[in-house]
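Student: The file below is query-v9.txt, compact mmCIF, C-alpha atoms:
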```txt
# COMPACT_ATOMS: atom_id res chain seq x y z
CA ASP A 130 0.00 0.00 0.00
CA ALA A 131 0.97 3.69 -0.04
CA ASP A 132 2.18 3.55 3.60
CA GLY A 133 4.37 0.53 2.98
CA THR A 134 2.90 -1.33 5.94
CA THR A 135 1.35 -4.29 4.09
CA LEU A 136 3.15 -7.41 2.87
CA LEU A 137 1.53 -9.68 0.27
CA ALA A 138 2.56 -13.31 -0.16
CA SER A 139 1.42 -15.82 -2.77
CA SER A 140 1.77 -19.46 -1.89
CA ALA A 141 1.58 -22.99 -3.21
CA ASP A 142 -1.10 -23.63 -0.54
CA CYS A 143 -3.53 -21.90 -2.97
CA THR A 144 -4.06 -18.81 -0.79
CA LEU A 145 -2.99 -15.19 -0.78
CA SER A 146 -1.75 -13.91 2.60
CA ILE A 147 -1.80 -10.28 3.71
CA PHE A 148 0.41 -9.25 6.63
CA ASP A 149 0.40 -6.02 8.65
CA ILE A 150 4.10 -5.25 9.10
CA ARG A 151 3.43 -2.96 12.07
CA LYS A 152 1.86 -5.67 14.21
CA ILE A 153 4.63 -8.15 13.47
CA SER A 154 7.26 -5.52 14.24
CA ASN A 155 5.61 -4.65 17.57
CA ALA A 156 5.44 -8.32 18.54
CA TYR A 157 9.12 -8.75 17.70
CA LYS A 158 10.02 -5.75 19.83
CA LYS A 159 8.14 -7.30 22.78
CA GLY A 160 10.38 -10.35 22.53
CA ARG A 161 7.85 -12.85 21.23
CA ASP A 162 9.32 -15.76 19.28
CA LEU A 163 7.67 -15.65 15.86
CA THR A 164 9.35 -18.86 14.69
CA SER A 165 7.95 -21.05 17.47
CA THR A 166 4.33 -19.97 17.33
CA THR A 167 1.88 -18.93 14.66
CA THR A 168 -0.41 -17.01 17.01
CA THR A 169 1.14 -13.59 16.40
CA VAL A 170 1.41 -14.15 12.65
CA THR A 171 -2.19 -15.33 12.46
CA GLU A 172 -3.38 -12.30 14.41
CA SER A 173 -1.57 -9.90 12.08
CA ALA A 174 -2.43 -11.67 8.80
CA LYS A 175 -5.41 -12.05 6.54
CA ARG A 176 -5.84 -14.93 4.15
CA SER A 177 -7.87 -15.32 1.00
CA ASP A 178 -10.18 -18.17 0.20
CA ASP A 179 -8.69 -21.39 -1.13
CA GLN A 180 -8.29 -20.88 -4.88
CA GLU A 181 -7.69 -24.56 -5.59
CA ASP A 182 -4.71 -23.52 -7.69
CA GLU A 183 -1.14 -22.76 -6.65
CA LEU A 184 -0.26 -19.06 -6.62
CA LEU A 185 3.30 -18.85 -7.99
CA SER A 186 3.89 -15.13 -8.65
CA ILE A 187 2.45 -11.78 -7.62
CA CYS A 188 2.32 -8.14 -8.79
CA THR A 189 0.31 -5.00 -7.91
CA MET A 190 -1.38 -3.04 -10.73
CA LYS A 191 -3.73 -0.10 -11.32
CA ARG A 192 -1.90 2.12 -8.81
CA GLY A 193 -2.21 -0.44 -6.06
CA LYS A 194 -5.91 -1.06 -6.55
CA LYS A 195 -5.45 -4.54 -8.05
CA VAL A 196 -3.31 -7.51 -7.04
CA VAL A 197 -2.49 -10.07 -9.77
CA CYS A 198 -1.22 -13.60 -9.12
CA GLY A 199 0.07 -16.10 -11.65
CA THR A 200 -1.23 -19.64 -11.08
CA GLN A 201 -0.18 -23.21 -11.81
CA ASP A 202 -2.96 -23.61 -14.37
CA GLY A 203 -1.87 -20.56 -16.42
CA VAL A 204 -4.59 -18.21 -15.11
CA LEU A 205 -4.01 -14.69 -13.84
CA ALA A 206 -6.05 -14.34 -10.63
CA ILE A 207 -6.99 -10.73 -9.80
CA TRP A 208 -7.99 -9.33 -6.39
CA SER A 209 -9.31 -5.87 -5.54
CA TRP A 210 -7.27 -4.24 -2.79
CA GLY A 211 -8.98 -4.62 0.57
CA THR A 212 -11.33 -7.40 -0.60
CA TRP A 213 -9.19 -10.43 0.14
CA GLY A 214 -11.76 -13.22 0.37
CA ASP A 215 -12.15 -14.23 -3.27
CA ILE A 216 -10.86 -12.96 -6.59
CA SER A 217 -12.69 -10.23 -8.47
CA ASP A 218 -11.54 -11.34 -11.93
CA ARG A 219 -9.54 -14.05 -13.71
CA PHE A 220 -7.62 -13.92 -16.96
CA PRO A 221 -7.01 -17.34 -18.57
CA GLY A 222 -4.95 -17.93 -21.70
CA HIS A 223 -1.48 -19.17 -20.75
CA PRO A 224 -0.95 -22.83 -21.67
CA HIS A 225 1.27 -23.57 -18.64
CA SER A 226 2.07 -22.20 -15.21
CA ILE A 227 2.91 -18.50 -14.79
CA ASP A 228 6.08 -18.46 -12.70
CA ALA A 229 7.15 -14.79 -13.02
CA LEU A 230 5.45 -11.40 -13.33
CA LEU A 231 6.97 -7.97 -14.08
CA LYS A 232 5.08 -4.67 -14.12
CA VAL A 233 5.58 -2.43 -17.19
CA ASP A 234 3.05 0.26 -16.33
CA GLU A 235 -0.26 0.47 -14.45
CA ASP A 236 -2.09 -1.44 -17.22
CA THR A 237 0.61 -3.67 -18.75
CA MET A 238 2.76 -6.48 -17.41
CA LEU A 239 5.13 -9.24 -18.55
CA THR A 240 4.54 -12.89 -17.73
CA GLY A 241 7.16 -15.64 -17.60
CA CYS A 242 5.60 -18.97 -18.44
CA SER A 243 6.69 -22.60 -18.20
CA ASP A 244 6.46 -22.91 -21.99
CA GLY A 245 9.55 -20.64 -22.27
CA LEU A 246 7.76 -17.53 -23.54
CA VAL A 247 7.83 -14.04 -22.10
CA ARG A 248 4.46 -12.48 -22.94
CA VAL A 249 3.10 -8.94 -22.80
CA VAL A 250 -0.44 -8.74 -21.40
CA GLN A 251 -2.88 -5.98 -20.51
CA ILE A 252 -5.01 -6.05 -17.37
CA GLN A 253 -8.64 -4.85 -17.35
CA PRO A 254 -9.45 -4.86 -20.14
CA ASP A 255 -7.68 -8.24 -20.31
CA LYS A 256 -5.75 -8.69 -23.52
CA LEU A 257 -2.70 -10.59 -24.82
CA LEU A 258 -0.56 -7.96 -26.58
CA GLY A 259 2.31 -10.11 -27.86
CA VAL A 260 5.47 -12.07 -27.09
CA LEU A 261 8.69 -10.36 -25.97
CA GLY A 262 11.04 -13.35 -26.12
CA ASP A 263 11.53 -17.12 -26.03
CA HIS A 264 13.76 -19.46 -24.01
CA ASP A 265 13.33 -22.34 -26.46
CA GLY A 266 10.80 -24.19 -24.34
CA PHE A 267 12.64 -23.92 -21.00
CA PRO A 268 10.48 -22.55 -18.14
CA VAL A 269 11.02 -18.86 -17.28
CA GLU A 270 11.60 -18.50 -13.55
CA SER A 271 12.31 -14.78 -13.05
CA LEU A 272 11.97 -11.38 -14.76
CA SER A 273 13.70 -8.12 -13.79
CA TYR A 274 14.83 -4.72 -15.14
CA SER A 275 18.38 -3.48 -15.51
CA ALA A 276 19.44 -0.52 -13.38
CA GLU A 277 18.18 2.17 -15.79
CA LYS A 278 15.36 0.05 -17.27
CA ARG A 279 17.11 -0.16 -20.62
CA PHE A 280 16.95 -3.94 -20.63
CA ILE A 281 14.70 -6.66 -19.29
CA GLY A 282 16.42 -9.78 -18.01
CA SER A 283 14.81 -13.23 -17.94
CA VAL A 284 16.16 -16.33 -16.21
CA SER A 285 15.24 -19.83 -17.35
CA HIS A 286 16.08 -23.50 -16.77
CA ASP A 287 18.41 -23.31 -19.77
CA CYS A 288 20.97 -21.71 -17.37
CA LEU A 289 20.99 -18.51 -19.42
CA VAL A 290 20.14 -14.92 -18.57
CA ARG A 291 18.67 -13.33 -21.66
CA LEU A 292 18.39 -9.57 -22.12
CA TRP A 293 15.59 -7.92 -24.07
CA ASP A 294 15.53 -4.33 -25.30
CA ALA A 295 13.08 -2.30 -23.19
CA LYS A 296 12.77 0.52 -25.74
CA ILE A 297 9.56 -0.97 -27.06
CA PHE A 298 7.98 0.03 -23.73
CA PHE A 299 9.90 3.20 -22.81
CA GLY A 300 11.24 4.37 -26.17
CA ASP A 301 8.91 7.36 -26.50
CA SER A 302 10.02 8.95 -23.25
CA ASP A 303 13.68 8.36 -24.14
CA ASP A 304 13.16 9.97 -27.54
CA GLU A 305 11.51 12.97 -25.91
CA ASP A 306 14.41 13.26 -23.49
CA ASP A 307 16.86 13.05 -26.40
CA GLU A 308 14.94 15.75 -28.27
CA GLU A 309 14.95 17.97 -25.20
CA GLU A 310 18.69 17.41 -24.80
CA GLU A 311 19.24 18.27 -28.48
CA GLU A 312 17.18 21.45 -28.12
CA ASP A 313 19.10 22.40 -24.98
CA GLY A 314 22.34 21.74 -26.86
CA LYS A 315 21.25 23.94 -29.76
CA GLU A 316 20.25 26.76 -27.39
CA SER A 317 23.56 26.43 -25.58
CA ALA A 318 25.42 26.52 -28.90
CA MET A 319 23.47 29.62 -29.96
CA ASP A 320 24.25 31.32 -26.66
CA THR A 321 27.91 30.38 -27.01
CA GLY A 322 27.96 31.68 -30.59
CA ALA A 323 26.33 34.93 -29.54
CA THR A 324 28.81 35.32 -26.71
CA THR A 325 31.69 34.62 -29.08
CA THR A 326 30.36 37.12 -31.60
CA THR A 327 29.94 39.76 -28.89
CA ALA A 328 33.45 39.13 -27.60
CA ALA A 329 34.88 39.34 -31.14
CA ALA A 330 33.02 42.60 -31.78
CA ALA A 331 34.28 44.02 -28.49
CA ALA A 332 37.85 42.97 -29.31
CA LYS A 333 37.58 44.49 -32.80
CA LYS A 334 36.22 47.74 -31.35
CA SER A 335 39.06 47.78 -28.83
CA ARG A 336 41.60 47.30 -31.62
CA ASN A 337 39.99 50.07 -33.67
CA ASP A 338 40.01 52.41 -30.68
CA ALA A 339 43.67 51.60 -30.05
CA GLU A 340 44.53 52.20 -33.71
CA SER A 341 42.59 55.46 -33.65
CA ASP A 342 44.47 56.59 -30.54
CA ASP A 343 47.76 55.67 -32.24
CA GLU A 344 46.78 57.68 -35.30
CA TRP A 345 45.92 60.70 -33.17
CA GLU A 346 49.22 60.37 -31.32
CA ASP A 347 51.09 60.13 -34.64
CA MET A 348 49.25 63.21 -35.89
CA ASP A 349 50.12 65.08 -32.70
CA GLU A 350 53.77 64.08 -33.05
CA ASP A 351 53.79 65.19 -36.68
CA GLU A 352 52.25 68.52 -35.76
CA ASN A 353 54.74 68.97 -32.93
CA MET A 354 57.61 68.17 -35.28
CA LYS A 355 56.17 70.53 -37.86
CA ASP A 356 55.83 73.29 -35.28
CA SER A 357 59.41 72.67 -34.20
CA ASP A 358 60.64 72.83 -37.80
CA ASP A 359 58.66 76.01 -38.34
CA SER A 360 60.15 77.44 -35.19
CA ASP A 361 63.63 76.52 -36.39
CA ASP A 362 62.90 78.07 -39.77
CA ASP A 363 61.62 81.20 -38.09
CA SER A 364 64.74 81.29 -35.97
CA ASP A 365 66.92 80.91 -39.03
CA ASP A 366 64.99 83.60 -40.82
CA SER A 367 65.35 85.80 -37.79
CA ASP A 368 69.06 85.19 -37.74
CA ASP A 369 69.28 85.95 -41.45
CA ASP A 370 67.25 89.06 -40.97
CA SER A 371 69.49 90.02 -38.12
CA ASP A 372 72.55 89.50 -40.25
CA ASP A 373 71.03 91.37 -43.12
CA SER A 374 70.09 94.13 -40.78
CA GLY A 375 73.65 94.36 -39.46
CA GLY A 376 75.17 94.28 -42.92
CA GLY A 377 72.75 96.91 -44.12
CA THR A 378 73.75 99.14 -41.29
CA ASN A 379 77.39 98.71 -42.12
CA ARG A 380 76.76 99.31 -45.74
CA MET A 381 74.64 102.25 -44.88
CA GLY A 382 77.42 103.41 -42.60
CA ARG A 383 79.96 103.12 -45.33
CA LYS A 384 77.80 104.79 -47.94
CA PHE A 385 76.65 107.84 -45.97
CA LYS A 386 79.31 109.96 -44.18
CA THR A 387 78.66 112.13 -41.27
CA ASP A 388 79.16 115.85 -41.33
CA SER A 389 82.19 115.53 -39.05
CA GLU A 390 83.79 113.08 -41.43
CA LYS A 391 83.16 115.42 -44.29
CA PHE A 392 84.64 118.40 -42.29
CA PHE A 393 87.83 116.58 -41.49
CA GLU A 394 88.16 115.36 -45.04
CA ASP A 395 87.98 118.92 -46.24
CA LEU A 396 90.87 119.86 -43.94
```
I'd like the structure from this file rewritten - as structure tokens, please.
Tutor:
Amino acid sequence: DADGTTLLASSADCTLSIFDIRKISNAYKKGRDLTSTTTTVTESAKRSDDQEDELLSICTMKRGKKVVCGTQDGVLAIWSWGTWGDISDRFPGHPHSIDALLKVDEDTMLTGCSDGLVRVVQIQPDKLLGVLGDHDGFPVESLSYSAEKRFIGSVSHDCLVRLWDAKIFFGDSDDEDDEEEEEDGKESAMDTGATTTTAAAAAKKSRNDAESDDEWEDMDEDENMKDSDDSDDDSDDSDDDSDDSGGGTNRMGRKFKTDSEKFFEDL
């Protein structure tokens, strides 16, 4: 059940037993010997009517509302939870005993039969859906899933463990997960591409800004050099003008004589 306090047990004595774990646990804590007396077990257990057929396997279905047992005669006996006296339905069709049951979903289950076949059946409405695998006529004793439910393992009297692909039951959900992963991967790739593009644009802009700054610095240096050259030229011109001015004065001095010079020349 949902509380996990009920234990179901099928048996070759043709009955289904229902145990209340809490009562057994309390009796054990009080020190009562459960192996030497059946009083405590009987008090804490319920038992179905005699089905006149060995109950060899058991499985809960329909979200815990139904309990299914495989029988020696190849019939699936079905109980409604809480009504343990007699079965509420029976599903015949297997040619030999049903020794193993494995739940696929709330409506579908696998059966391991003594004829060596692993069958897929539906419960209420009762329907044989197909055959999953074959052990070449050797009775199938056990069915179980792999850790991630990718495979279904079956054990038979042929001393082999055979693995069957579980995608036929869970393939749709796996495909959806794969599609979601692919979409997430595409979105991640797009985000990465956008980030890369943004980073490249930023780097390019930084390079352009640096080149622009270099150009402005070069222009400033050129202007400074030009100003310096102009200053030098102006200085040279000034010097030349100064020289010319001095020479002109001398020439002027030599060309025009003062009155005193003229007076002494006359003497």
Student: Report, in Å with one decimal, the straight-line distance from CA of Asp202 (chain A) to CA of Leu185 (chain A).
Tutor: 10.1 Å
Student: For Ser271 (chain A), which residue out of A:Ala229, A:Leu289, A:Ile150, A:Leu239 is the nearest one, using only C-alpha atoms?
Tutor: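 Ranking A:Ala229, A:Leu289, A:Ile150, A:Leu239 by distance to Ser271 (chain A), first place goes to A:Ala229.
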Student: If you count all atoms listed in the file, which residues fall within 12 Å of Ile187 (chain A), apart from same-chain ones fewer than 5 positions away, as a PyMOL selection string?
Tutor: chain A and resi 136-140+144-146+195-200+205-208+227-232+238-241+271-272
Student: Can you write out the residues you just picked, keeping C-alpha atoms, as an mmCIF file, keeping the file's coordinate frame?
Tutor:
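Listed below is the output, out04.cif:
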```
data_model
loop_
_atom_site.group_PDB
_atom_site.id
_atom_site.type_symbol
_atom_site.label_atom_id
_atom_site.label_comp_id
_atom_site.auth_asym_id
_atom_site.auth_seq_id
_atom_site.Cartn_x
_atom_site.Cartn_y
_atom_site.Cartn_z
ATOM 1 C CA LEU A 136 3.150 -7.410 2.870
ATOM 2 C CA LEU A 137 1.530 -9.680 0.270
ATOM 3 C CA ALA A 138 2.560 -13.310 -0.160
ATOM 4 C CA SER A 139 1.420 -15.820 -2.770
ATOM 5 C CA SER A 140 1.770 -19.460 -1.890
ATOM 6 C CA THR A 144 -4.060 -18.810 -0.790
ATOM 7 C CA LEU A 145 -2.990 -15.190 -0.780
ATOM 8 C CA SER A 146 -1.750 -13.910 2.600
ATOM 9 C CA LYS A 195 -5.450 -4.540 -8.050
ATOM 10 C CA VAL A 196 -3.310 -7.510 -7.040
ATOM 11 C CA VAL A 197 -2.490 -10.070 -9.770
ATOM 12 C CA CYS A 198 -1.220 -13.600 -9.120
ATOM 13 C CA GLY A 199 0.070 -16.100 -11.650
ATOM 14 C CA THR A 200 -1.230 -19.640 -11.080
ATOM 15 C CA LEU A 205 -4.010 -14.690 -13.840
ATOM 16 C CA ALA A 206 -6.050 -14.340 -10.630
ATOM 17 C CA ILE A 207 -6.990 -10.730 -9.800
ATOM 18 C CA TRP A 208 -7.990 -9.330 -6.390
ATOM 19 C CA ILE A 227 2.910 -18.500 -14.790
ATOM 20 C CA ASP A 228 6.080 -18.460 -12.700
ATOM 21 C CA ALA A 229 7.150 -14.790 -13.020
ATOM 22 C CA LEU A 230 5.450 -11.400 -13.330
ATOM 23 C CA LEU A 231 6.970 -7.970 -14.080
ATOM 24 C CA LYS A 232 5.080 -4.670 -14.120
ATOM 25 C CA MET A 238 2.760 -6.480 -17.410
ATOM 26 C CA LEU A 239 5.130 -9.240 -18.550
ATOM 27 C CA THR A 240 4.540 -12.890 -17.730
ATOM 28 C CA GLY A 241 7.160 -15.640 -17.600
ATOM 29 C CA SER A 271 12.310 -14.780 -13.050
ATOM 30 C CA LEU A 272 11.970 -11.380 -14.760
#
```
Student: What lies within 12 Å of Cys288 (chain A) using all atoms listed in the file, ignoring chain neighbours under 6 positions off, as a list in words?
Tutor: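 The neighbour list is His264, Asp265, Phe267, Pro268, Val269, Glu270 and Ser271 of chain A.
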Student: For CA of Phe280 (chain A) and CA of Ala295 (chain A), determine how far apart the two atoms are, in Å to one decimal place.
Tutor: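 Between these atoms lies a distance of 4.9 Å.
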Student: Between CA of Val260 (chain A) and CA of Trp293 (chain A), what is the distance, to one decimal in Å?
Tutor: 11.3 Å
Student: Box time for region 187-199 of chain A: axis-aligned, enclosing all its listed atoms, 6 Å extra on each side; report centre and edge lengths in Å to one decimal, as JSON.
Tutor:
```
{"center_x": -1.7, "center_y": -7.0, "center_z": -8.9, "size_x": 20.4, "size_y": 30.2, "size_z": 17.6}
```
Student: Contacts of Arg279 (chain A) at 7 Å or less, counting all atoms listed in the file, minus same-chain residues fewer than 4 places along, as a short mmCIF file (atom, residue, chain, number, x, y, z; two decimals) with C-alpha atoms, in the coordinates of the input?
Tutor:
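Output below, filename result12.cif:
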```
data_model
loop_
_atom_site.label_atom_id
_atom_site.label_comp_id
_atom_site.auth_asym_id
_atom_site.auth_seq_id
_atom_site.Cartn_x
_atom_site.Cartn_y
_atom_site.Cartn_z
CA SER A 275 18.38 -3.48 -15.51
CA ASP A 294 15.53 -4.33 -25.30
CA ALA A 295 13.08 -2.30 -23.19
CA LYS A 296 12.77 0.52 -25.74
#
```
Student: Quick one: of A:Asp215, A:Asp149, A:Asp132, A:Asp142, who's nearest to Leu184 (chain A), counting all atoms listed in the file?
Tutor: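 For Leu184 (chain A), the nearest of the candidates is A:Asp142.
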Student: Neighbouring residues of Val250 (chain A) were defined as those with any atom within 6 Å, considering only C-alpha atoms; residues of the same chain fewer than 6 positions away were excluded. Please report them as a count of residues only.
Tutor: 5
Student: Using only C-alpha atoms, pick whichever of A:Gly245, A:Trp213, A:Gly193, A:Val233 has the shortest atom-to-atom distance to Ser273 (chain A).
Tutor: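 Nearest candidate to Ser273 (chain A) out of A:Gly245, A:Trp213, A:Gly193, A:Val233: A:Val233.
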